[in-house]
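S.K.: One file: query10.csv (CSV, C-alpha atoms).
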chain,number,residue,atom,x,y,z
A,182,MET,CA,94.1,-4.5,15.2
A,183,ASN,CA,93.3,-8.2,15.0
A,184,GLU,CA,91.3,-9.8,12.3
A,185,ASP,CA,88.0,-10.1,14.3
A,186,LEU,CA,88.2,-6.4,15.2
A,187,LYS,CA,88.8,-5.5,11.6
A,188,LYS,CA,85.7,-7.4,10.6
A,189,LEU,CA,83.6,-5.8,13.3
A,190,THR,CA,84.7,-2.3,12.3
A,191,GLY,CA,84.7,-2.9,8.6
A,192,LYS,CA,82.3,-2.1,5.8
A,193,ASN,CA,81.3,-5.6,4.6
A,194,PRO,CA,78.0,-6.8,6.1
A,195,ALA,CA,79.1,-10.4,5.5
A,196,ASP,CA,81.9,-9.7,8.0
A,197,PHE,CA,80.6,-7.3,10.5
A,198,GLU,CA,77.1,-8.9,11.1
A,199,PRO,CA,78.4,-12.3,12.2
A,200,ALA,CA,81.2,-10.6,14.1
A,201,ALA,CA,78.7,-8.5,16.1
A,202,CYS,CA,76.6,-11.5,16.8
A,203,SER,CA,79.6,-13.4,18.0
A,204,VAL,CA,80.7,-10.7,20.4
A,205,VAL,CA,77.3,-10.5,22.1
A,206,ASN,CA,76.3,-14.2,21.9
A,207,ASN,CA,79.7,-15.4,23.2
A,208,SER,CA,80.1,-12.5,25.7
A,209,ASP,CA,83.5,-11.9,24.0
A,210,THR,CA,85.0,-9.5,26.6
A,211,LYS,CA,88.4,-9.9,25.1
A,212,LEU,CA,87.3,-8.5,21.8
A,213,PHE,CA,85.1,-5.8,23.4
A,214,SER,CA,88.0,-4.6,25.6
A,215,GLU,CA,90.2,-4.4,22.5
A,216,LEU,CA,87.4,-2.4,20.8
A,217,VAL,CA,87.3,0.0,23.8
A,218,ALA,CA,91.1,0.3,23.7
A,219,GLN,CA,90.8,1.7,20.2
A,220,GLU,CA,88.5,4.5,21.4
A,221,ASP,CA,91.0,7.3,20.4
A,222,PHE,CA,92.0,5.7,17.1
A,223,LEU,CA,88.6,5.1,15.4
A,224,PHE,CA,86.6,7.7,13.6
A,225,ASP,CA,83.3,8.6,15.3
A,226,PHE,CA,81.2,7.3,12.4
A,227,VAL,CA,83.0,3.9,12.7
A,228,LYS,CA,82.2,3.7,16.5
A,229,GLN,CA,78.6,4.7,15.8
A,230,ASN,CA,78.4,1.9,13.2
A,231,VAL,CA,79.8,-0.6,15.6
A,232,ALA,CA,77.4,0.4,18.4
A,233,GLN,CA,74.5,0.0,16.0
A,234,ARG,CA,75.8,-3.4,14.9
A,235,LEU,CA,76.2,-4.6,18.5
A,236,GLU,CA,72.8,-3.3,19.5
A,237,LYS,CA,71.1,-5.1,16.5
A,238,ALA,CA,72.8,-8.3,17.7
A,239,CYS,CA,71.1,-8.1,21.1
A,240,ASN,CA,67.9,-9.9,21.9
A,241,GLU,CA,65.9,-11.2,24.8
A,242,SER,CA,68.0,-14.3,25.1
A,243,ASN,CA,71.4,-12.7,25.1
A,244,TYR,CA,71.1,-9.2,26.5
A,245,LEU,CA,72.4,-10.3,30.0
A,246,ASN,CA,75.7,-11.0,28.3
A,247,LEU,CA,76.2,-7.2,28.2
A,248,LEU,CA,76.7,-7.2,31.9
A,249,ASN,CA,80.1,-8.7,31.3
A,250,PHE,CA,81.1,-5.7,29.2
A,251,LEU,CA,80.4,-3.2,32.0
A,252,LYS,CA,84.0,-3.5,33.2
A,253,TYR,CA,85.2,-1.8,30.0
A,254,TYR,CA,83.8,1.7,29.9
A,255,SER,CA,83.5,3.7,26.7
A,256,PRO,CA,81.2,6.7,26.1
A,257,SER,CA,80.9,5.5,22.5
A,258,TYR,CA,79.1,2.2,23.5
A,259,GLU,CA,77.4,3.4,26.6
A,260,ASN,CA,74.1,4.3,25.0
A,261,PHE,CA,73.7,1.0,23.2
A,262,ILE,CA,74.5,-1.0,26.3
A,263,VAL,CA,72.3,1.1,28.6
A,264,SER,CA,69.4,1.3,26.2
A,265,THR,CA,69.4,-2.4,25.6
A,266,LEU,CA,69.5,-3.3,29.3
A,267,ALA,CA,66.7,-0.7,29.9
A,268,LYS,CA,64.6,-2.3,27.1
A,269,TYR,CA,64.6,-5.6,29.0
A,270,SER,CA,64.5,-4.0,32.4
A,271,ASN,CA,62.9,-6.1,35.2
A,272,ASP,CA,63.1,-6.4,39.0
A,273,ASP,CA,65.9,-9.0,39.0
A,274,LEU,CA,68.1,-6.9,36.6
A,275,ASN,CA,67.4,-3.8,38.6
A,276,LYS,CA,68.6,-5.4,41.8
A,277,ARG,CA,71.6,-6.9,40.1
A,278,LEU,CA,72.6,-3.5,38.6
A,279,LEU,CA,72.0,-1.8,42.0
A,280,ASP,CA,74.5,-4.3,43.6
A,281,ILE,CA,77.0,-3.6,40.8
A,282,PHE,CA,76.5,0.1,41.3
A,283,GLU,CA,77.3,-0.2,44.9
A,284,ASN,CA,80.2,-2.7,44.8
A,285,GLY,CA,81.5,-2.7,41.3
A,286,SER,CA,84.4,-0.9,39.6
A,287,LEU,CA,84.3,2.7,38.6
A,288,GLU,CA,83.7,1.6,35.0
A,289,GLU,CA,80.7,-0.5,36.1
A,290,LYS,CA,79.4,2.2,38.3
A,291,THR,CA,79.5,4.6,35.3
A,292,TYR,CA,77.3,2.4,33.2
A,293,CYS,CA,74.9,1.8,36.1
A,294,ALA,CA,74.5,5.5,36.8
A,295,LYS,CA,73.5,6.0,33.2
A,296,TYR,CA,71.1,3.0,33.4
A,297,PHE,CA,69.4,4.5,36.5
A,298,SER,CA,69.0,7.9,34.7
A,299,VAL,CA,66.8,5.9,32.2
A,300,THR,CA,64.9,3.6,34.5
A,301,LYS,CA,64.7,6.2,37.4
A,302,MET,CA,64.8,3.5,40.1
A,303,PRO,CA,64.2,5.3,43.4
A,304,GLU,CA,66.5,2.9,45.3
A,305,ALA,CA,69.5,4.2,43.3
A,306,ALA,CA,69.1,7.8,44.5
A,307,ALA,CA,71.3,7.5,47.5
A,308,LEU,CA,74.2,5.9,45.6
A,309,LEU,CA,73.9,8.5,42.8
A,310,LYS,CA,74.4,11.2,45.4
A,311,LYS,CA,77.3,9.2,46.9
A,312,PHE,CA,79.2,9.1,43.7
A,313,ALA,CA,78.1,12.4,42.2
A,314,PHE,CA,81.5,14.0,43.0
A,315,SER,CA,83.7,11.1,42.0
A,316,GLU,CA,87.1,12.0,40.5
A,317,ASN,CA,86.0,9.9,37.6
A,318,SER,CA,84.5,12.5,35.3
A,319,TYR,CA,82.2,10.1,33.4
A,320,LEU,CA,80.8,8.7,36.6
A,321,SER,CA,80.2,12.0,38.3
A,322,ALA,CA,78.6,13.4,35.1
A,323,ASN,CA,76.2,10.4,34.8
A,324,CYS,CA,75.2,10.6,38.4
A,325,ALA,CA,74.4,14.3,38.1
A,326,ALA,CA,72.4,13.7,34.9
A,327,ALA,CA,70.5,10.8,36.7
A,328,LEU,CA,69.6,13.0,39.6
A,329,ALA,CA,68.3,15.6,37.2
A,330,ALA,CA,66.2,12.9,35.6
A,331,PHE,CA,64.9,12.0,39.1
A,332,GLY,CA,64.1,15.6,39.7
A,333,ASP,CA,66.2,15.5,42.8
A,334,ARG,CA,67.7,19.0,43.4
A,335,THR,CA,69.4,18.4,46.7
A,336,LEU,CA,72.9,18.3,45.3
A,337,TYR,CA,72.0,21.0,42.8
A,338,ASP,CA,71.3,23.4,45.6
A,339,ASN,CA,74.4,22.2,47.5
A,340,SER,CA,76.5,22.9,44.4
A,341,ILE,CA,75.1,26.4,44.0
A,342,GLU,CA,76.4,27.0,47.6
A,343,MET,CA,79.7,25.4,46.8
A,344,LEU,CA,80.3,28.0,44.2
A,345,ASN,CA,80.9,30.4,47.0
A,346,SER,CA,83.8,28.3,48.4
A,347,GLU,CA,87.2,30.0,48.7
A,348,ASP,CA,88.7,26.7,47.3
A,349,SER,CA,89.0,26.8,43.6
A,350,PHE,CA,88.8,23.0,43.2
A,351,THR,CA,85.6,22.9,45.2
A,352,GLN,CA,84.2,25.6,42.9
A,353,LEU,CA,85.2,23.5,39.9
A,354,ASP,CA,83.6,20.4,41.3
A,355,ALA,CA,80.4,22.4,41.8
A,356,VAL,CA,80.5,23.7,38.2
A,357,ARG,CA,81.0,20.3,36.8
A,358,PHE,CA,78.0,18.9,38.7
A,359,LEU,CA,75.8,21.8,37.6
A,360,VAL,CA,76.8,21.5,34.0
A,361,SER,CA,76.1,17.7,34.0
A,362,TYR,CA,72.8,18.3,35.8
A,363,GLY,CA,71.8,20.4,32.8
A,364,ASP,CA,69.8,23.2,34.3
A,365,SER,CA,70.9,26.3,32.4
A,366,SER,CA,69.5,28.6,35.1
A,367,ALA,CA,72.7,27.9,37.0
A,368,SER,CA,74.7,29.8,34.3
A,369,ASP,CA,74.5,33.2,36.0
A,370,ALA,CA,75.8,31.8,39.3
A,371,ILE,CA,78.7,30.0,37.5
A,372,ILE,CA,79.7,33.1,35.6
A,373,LYS,CA,79.7,35.2,38.8
A,374,THR,CA,82.0,32.6,40.4
A,375,MET,CA,84.2,32.4,37.3
A,376,MET,CA,84.8,36.2,37.3
A,377,HIS,CA,86.5,35.9,40.7
A,378,SER,CA,88.2,32.5,40.3
A,379,SER,CA,91.8,31.5,39.7
A,380,MET,CA,90.5,28.7,37.5
A,381,ALA,CA,88.4,30.8,35.1
A,382,ASP,CA,89.8,28.9,32.0
A,383,ASN,CA,88.7,25.6,33.5
A,384,ILE,CA,85.2,26.9,34.4
A,385,ALA,CA,84.7,28.4,30.9
A,386,GLY,CA,85.5,25.1,29.3
A,387,GLU,CA,82.8,23.5,31.4
A,388,LEU,CA,80.2,26.3,31.3
A,389,LEU,CA,79.9,26.2,27.5
A,390,TYR,CA,78.5,22.7,27.6
A,391,LEU,CA,75.6,24.1,29.6
A,392,THR,CA,75.0,27.3,27.6
A,393,ASP,CA,76.8,29.0,24.7
A,394,LEU,CA,78.7,32.2,24.0
A,395,PHE,CA,75.9,33.7,21.9
A,396,SER,CA,73.4,33.4,24.7
A,397,ILE,CA,75.7,34.8,27.4
A,398,TYR,CA,76.7,37.7,25.2
A,399,LYS,CA,73.1,38.5,24.3
A,400,LYS,CA,72.2,38.7,27.9
A,401,ASN,CA,75.3,40.5,29.1
A,402,ALA,CA,78.0,41.5,26.6
A,403,THR,CA,80.7,42.0,29.2
A,404,GLN,CA,80.2,38.6,30.6
A,405,GLY,CA,80.1,37.0,27.2
A,406,LEU,CA,83.5,38.6,26.4
A,407,TYR,CA,84.9,37.6,29.7
A,408,VAL,CA,84.0,33.9,29.0
A,409,LEU,CA,85.4,34.2,25.6
A,410,ASN,CA,88.7,35.7,27.0
A,411,ALA,CA,89.0,32.8,29.4
A,412,VAL,CA,88.5,30.3,26.6
A,413,ILE,CA,91.2,32.0,24.5
A,414,GLU,CA,93.6,31.9,27.4
A,415,GLY,CA,92.9,28.2,28.0
A,416,LEU,CA,93.1,27.0,24.4
A,417,GLY,CA,96.1,24.7,23.8
A,418,GLU,CA,96.9,24.7,27.5
A,419,ILE,CA,94.0,23.3,29.5
A,420,LEU,CA,91.3,23.3,26.7
A,421,ASN,CA,91.6,21.0,23.6
A,422,LEU,CA,91.9,22.9,20.3
A,423,SER,CA,89.1,20.8,18.9
A,424,GLN,CA,86.7,22.5,21.3
A,425,VAL,CA,86.7,25.5,19.0
A,426,PHE,CA,84.0,23.6,17.2
A,427,ASP,CA,82.0,22.9,20.3
A,428,PHE,CA,82.1,26.5,21.3
A,429,GLN,CA,81.4,27.8,17.8
A,430,LEU,CA,84.4,30.1,18.2
A,431,TYR,CA,84.8,31.1,14.6
A,432,GLU,CA,81.1,32.1,14.3
A,433,PHE,CA,81.2,34.1,17.6
A,434,LEU,CA,84.4,35.9,16.7
A,435,GLU,CA,83.0,36.7,13.3
A,436,MET,CA,80.0,38.3,14.9
A,437,ILE,CA,82.2,40.4,17.3
A,438,ILE,CA,84.4,41.6,14.5
A,439,LYS,CA,81.4,42.8,12.4
A,440,GLU,CA,80.1,44.9,15.3
A,441,PRO,CA,81.4,48.4,16.1
A,442,VAL,CA,84.6,47.9,18.1
A,443,ASN,CA,84.7,49.1,21.7
A,444,PRO,CA,87.5,49.0,24.4
A,445,GLN,CA,86.4,45.6,25.7
A,446,THR,CA,86.2,43.9,22.3
A,447,ALA,CA,89.5,45.5,21.4
A,448,VAL,CA,91.3,43.9,24.3
A,449,ILE,CA,89.7,40.5,23.6
A,450,LEU,CA,90.5,40.6,19.9
A,451,LEU,CA,94.1,41.5,20.6
A,452,ALA,CA,94.4,38.6,23.0
A,453,ALA,CA,92.8,36.3,20.3
A,454,GLN,CA,95.1,37.5,17.6
A,455,ASP,CA,98.1,36.8,19.9
A,456,LYS,CA,96.8,33.3,20.9
A,457,PHE,CA,96.0,32.1,17.4
A,458,GLU,CA,99.3,33.5,16.1
A,459,THR,CA,101.0,31.4,18.8
A,460,LEU,CA,98.9,28.3,18.0
A,461,THR,CA,99.7,28.4,14.3
A,462,GLU,CA,103.4,29.2,14.6
A,463,ASN,CA,104.3,26.4,17.0
A,464,ASP,CA,104.1,22.9,15.7
A,465,GLU,CA,103.7,21.5,19.3
A,466,TYR,CA,100.2,22.8,19.5
A,467,LEU,CA,98.9,21.4,16.2
A,468,PHE,CA,101.1,18.3,15.7
A,469,ASP,CA,98.5,15.8,17.0
A,470,GLU,CA,95.4,17.6,15.8
A,471,THR,CA,93.1,16.4,13.0
A,472,LYS,CA,93.1,18.0,9.6
A,473,ASP,CA,89.7,19.7,10.3
A,474,THR,CA,91.0,21.2,13.6
A,475,LYS,CA,94.2,22.5,12.0
A,476,GLN,CA,92.1,24.1,9.3
A,477,GLU,CA,89.7,25.6,11.7
A,478,ILE,CA,92.5,27.1,13.8
A,479,LEU,CA,94.0,28.6,10.7
A,480,ASP,CA,90.7,30.0,9.5
A,481,ILE,CA,90.1,31.7,12.9
A,482,LYS,CA,93.6,33.2,12.7
A,483,ASN,CA,92.9,34.6,9.2
A,484,LEU,CA,89.5,35.9,10.4
A,485,LEU,CA,91.1,37.7,13.4
A,486,ASN,CA,93.7,39.3,11.1
A,487,THR,CA,90.9,41.1,9.3
A,488,ALA,CA,90.4,43.2,12.4
A,489,ASP,CA,92.3,46.5,12.4
A,490,THR,CA,95.1,46.0,14.9
A,491,ALA,CA,95.9,49.7,15.1
A,492,VAL,CA,92.3,50.6,16.1
A,493,LEU,CA,92.3,47.8,18.6
A,494,TYR,CA,95.5,49.1,20.3
A,495,SER,CA,94.1,52.7,20.3
A,496,LEU,CA,91.1,51.5,22.4
A,497,ALA,CA,92.5,48.8,24.6
A,498,ASP,CA,94.1,51.2,27.1
A,499,GLU,CA,90.6,52.3,28.1
A,500,GLU,CA,90.4,49.0,30.0
A,501,LEU,CA,93.3,49.9,32.3
A,502,LYS,CA,90.9,50.5,35.2
A,503,HIS,CA,90.8,49.0,38.6
A,504,ASN,CA,87.3,47.7,38.1
A,505,SER,CA,87.6,46.4,34.6
A,506,PRO,CA,87.3,42.6,34.3
A,507,PHE,CA,89.8,42.9,31.4
A,508,VAL,CA,92.5,44.9,33.1
A,509,PHE,CA,95.0,42.0,33.3
A,510,THR,CA,94.6,41.3,29.6
A,511,ALA,CA,94.8,45.0,28.7
A,512,LEU,CA,98.1,45.2,30.6
A,513,GLU,CA,99.6,42.7,28.1
A,514,TYR,CA,99.1,45.2,25.2
A,515,THR,CA,99.9,48.6,26.6
A,516,GLU,CA,102.8,51.1,26.7
A,517,ASN,CA,100.8,53.7,28.6
A,518,GLU,CA,102.9,54.3,31.7
A,519,PRO,CA,100.7,56.8,33.5
A,520,LEU,CA,97.7,54.5,33.3
A,521,VAL,CA,99.7,51.5,34.5
A,522,ARG,CA,101.1,53.6,37.4
A,523,ASN,CA,97.5,54.4,38.4
A,524,LEU,CA,97.0,50.7,39.0
A,525,LEU,CA,99.7,50.6,41.7
A,526,ASN,CA,97.1,51.9,44.2
A,527,SER,CA,94.8,48.9,43.6
A,528,SER,CA,93.5,46.9,46.5
A,529,ASN,CA,94.2,43.8,44.4
A,530,PRO,CA,97.7,42.6,45.2
A,531,ALA,CA,97.8,40.6,42.0
A,532,LEU,CA,97.0,43.6,39.9
A,533,VAL,CA,99.7,45.6,41.7
A,534,LEU,CA,102.3,43.0,41.0
A,535,LYS,CA,101.3,42.7,37.3
A,536,SER,CA,101.5,46.5,36.9
A,537,LEU,CA,105.0,46.5,38.4
A,538,GLU,CA,106.0,43.8,36.0
A,539,VAL,CA,104.7,45.8,33.0
A,540,LEU,CA,106.6,48.9,34.1
A,541,LYS,CA,109.7,46.8,34.4
A,542,MET,CA,109.1,45.3,31.0
A,543,LEU,CA,108.8,48.9,29.6
A,544,ASP,CA,112.0,49.7,31.3
A,545,THR,CA,110.4,52.6,33.2
A,546,LEU,CA,110.1,51.1,36.7
A,547,THR,CA,111.2,53.5,39.4
A,548,ALA,CA,111.9,53.3,43.1
A,549,GLN,CA,108.8,55.5,43.7
A,550,ASP,CA,106.7,52.9,41.9
A,551,LYS,CA,107.8,50.3,44.3
A,552,GLU,CA,107.1,52.6,47.3
A,553,THR,CA,103.6,53.3,46.0
A,554,ALA,CA,103.0,49.6,45.6
A,555,LEU,CA,104.4,48.7,49.0
A,556,SER,CA,102.2,51.3,50.7
A,557,GLY,CA,99.1,49.2,50.2
A,558,ILE,CA,100.7,45.8,50.8
A,559,SER,CA,101.0,44.4,54.3
A,560,ASP,CA,101.7,40.7,53.5
A,561,GLU,CA,105.4,40.2,54.1
A,562,ASN,CA,105.7,37.6,51.3
A,563,LEU,CA,104.2,39.9,48.8
A,564,ARG,CA,106.4,42.8,50.0
A,565,ALA,CA,109.5,40.5,49.4
A,566,VAL,CA,108.3,39.8,45.9
A,567,ILE,CA,107.8,43.5,45.2
A,568,ASN,CA,111.3,44.3,46.5
A,569,ALA,CA,112.7,41.6,44.3
A,570,ILE,CA,111.2,43.0,41.1
As structure tokens, how would this structure be written, given the file I've shared?

M.R.:
Amino acid sequence: MNEDLKKLTGKNPADFEPAACSVVNNSDTKLFSELVAQEDFLFDFVKQNVAQRLEKACNESNYLNLLNFLKYYSPSYENFIVSTLAKYSNDDLNKRLLDIFENGSLEEKTYCAKYFSVTKMPEAAALLKKFAFSENSYLSANCAAALAAFGDRTLYDNSIEMLNSEDSFTQLDAVRFLVSYGDSSASDAIIKTMMHSSMADNIAGELLYLTDLFSIYKKNATQGLYVLNAVIEGLGEILNLSQVFDFQLYEFLEMIIKEPVNPQTAVILLAAQDKFETLTENDEYLFDETKDTKQEILDIKNLLNTADTAVLYSLADEELKHNSPFVFTALEYTENEPLVRNLLNSSNPALVLKSLEVLKMLDTLTAQDKETALSGISDENLRAVINAI
């Protein structure tokens, strides 16, 4: 970190006040780009302080210098840049930003989308729709939020329809748009899609920024547990461990543990115990995490260990049913051969394959089991997989 950046991010007003003024007055893109490059290495409170210092340095005579910073996107400085530009909004600035929005870089477009969510300039609506499904997550999110601010529900309605797509990535694009749009009434449709998606973990990680586990669980306990199960599966793999704070995972699990246990909660708590044991016993998961995240993961593990594992196992087998949303998870914790064999008649090929694998793991797989499984499978590739088990 160079000396000027140290001054800008430091604690001494005699250093950071002139440094902030210099950055804005001189349109110092070099220093600003270095600041953005430190995004992952500065504490949030430091970035908040810097944003406030830079905003304070802006005035009617220098605010246009901020346009030169638009090439360097940072969510930490987005609000100060956008709010300052919006404060001095005028026709010329709006036209200039509209042109940048159409022809600029992805970083510039992202700031512009945020700007138009504040100024609600009608001429920007077409471009907001054009970039609403950008592969750049910040840009797509800002476009969705802006369209919501406009009250334009065209892409909202389209996204609800997209949830019915057979393509998992199309479903996920729709979920991300709906979450960024911010209308929580989409939650039910998202959960319905999630419960039949191969990307349930990804969807859960998006959904819980639109609603929360407590609200879902209160409305429908089974759905709440299903979302929780998907989060547990995704932690450390596709979901960052720090998201346990965002999802209030400790508090939700604490509530579940205090309630009378039933087969569904038994399965989920077994899966949670298993996951957090793995997270705390393998350094690869926690190595780069903050002290607070490491402690939270450990606290959740200790909380889960207060649940009576014997009771959980005694109830979990009750979810070994064709129509249970937790049947795949329950299969991970069973030794009940008859109940597993009953699943070989399932119309779900994935469930049939999983059941065969469990029987093989229990060293009880028979030729008759394979025949039973094959009787309901016509796909030659799946039949080959079954024969190979």

S.K.: Determine, for each residue of segment 386-439 of chain A having at least one atom at most 10 Å from an atom of segment 355-370 of chain A, the closest pair of atoms and their separation in Å to one decimal, counting all atoms listed in the file; order by chain and ascending number, as CSV.

M.R.:
residue,atom,partner,partner_atom,distance
A:Gly386,CA,A:Arg357,CA,10.0
A:Glu387,CA,A:Arg357,CA,6.5
A:Leu388,CA,A:Val360,CA,6.5
A:Leu389,CA,A:Val360,CA,8.6
A:Tyr390,CA,A:Val360,CA,6.7
A:Leu391,CA,A:Val360,CA,5.2
A:Thr392,CA,A:Ser365,CA,6.4
A:Asp393,CA,A:Ser368,CA,9.9
A:Ile397,CA,A:Ser368,CA,8.6
A:Gln404,CA,A:Asp369,CA,9.5

S.K.: Determine the nearest neighbour of Ser321 of chain A from the options A:Lys295, A:Lys301, A:Lys373, A:Arg334, counting all atoms listed in the file.

M.R.: A:Lys295

S.K.: What's the separation between atom CA of Lys482 of chain A and atom CA of Val539 of chain A, in Å to one decimal place?

M.R.: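 Between these atoms lies a distance of 26.3 Å.
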
S.K.: Considering only C-alpha atoms, can you say which of A:Asp185, A:Asp333, A:Glu516, A:Glu552 comes closest to Leu540 of chain A?

M.R.: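 Checking each of A:Asp185, A:Asp333, A:Glu516, A:Glu552 against Leu540 of chain A, counting only C-alpha atoms, the winner is A:Glu516.
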
S.K.: With distances taken over only C-alpha atoms, which residue among A:Leu336, A:Ala488, A:Val263, A:Ala307 lies nearest Leu278 of chain A?

M.R.: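 Result for the nearest residue to Leu278 of chain A: A:Val263.
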
S.K.: Quick one: residues within 9 Å of Gln229 of chain A, only C-alpha atoms counted, chain neighbours fewer than 4 positions away excluded, as a PyMOL selection string?

M.R.: chain A and resi 224-225+233-234+257-258

S.K.: Just checking: using only C-alpha atoms, which residue out of A:Leu520, A:Leu460, A:Leu501, A:Ala381 ends up closest to Phe350 of chain A?

M.R.: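 Among A:Leu520, A:Leu460, A:Leu501, A:Ala381, it is A:Ala381 that comes nearest to Phe350 of chain A.
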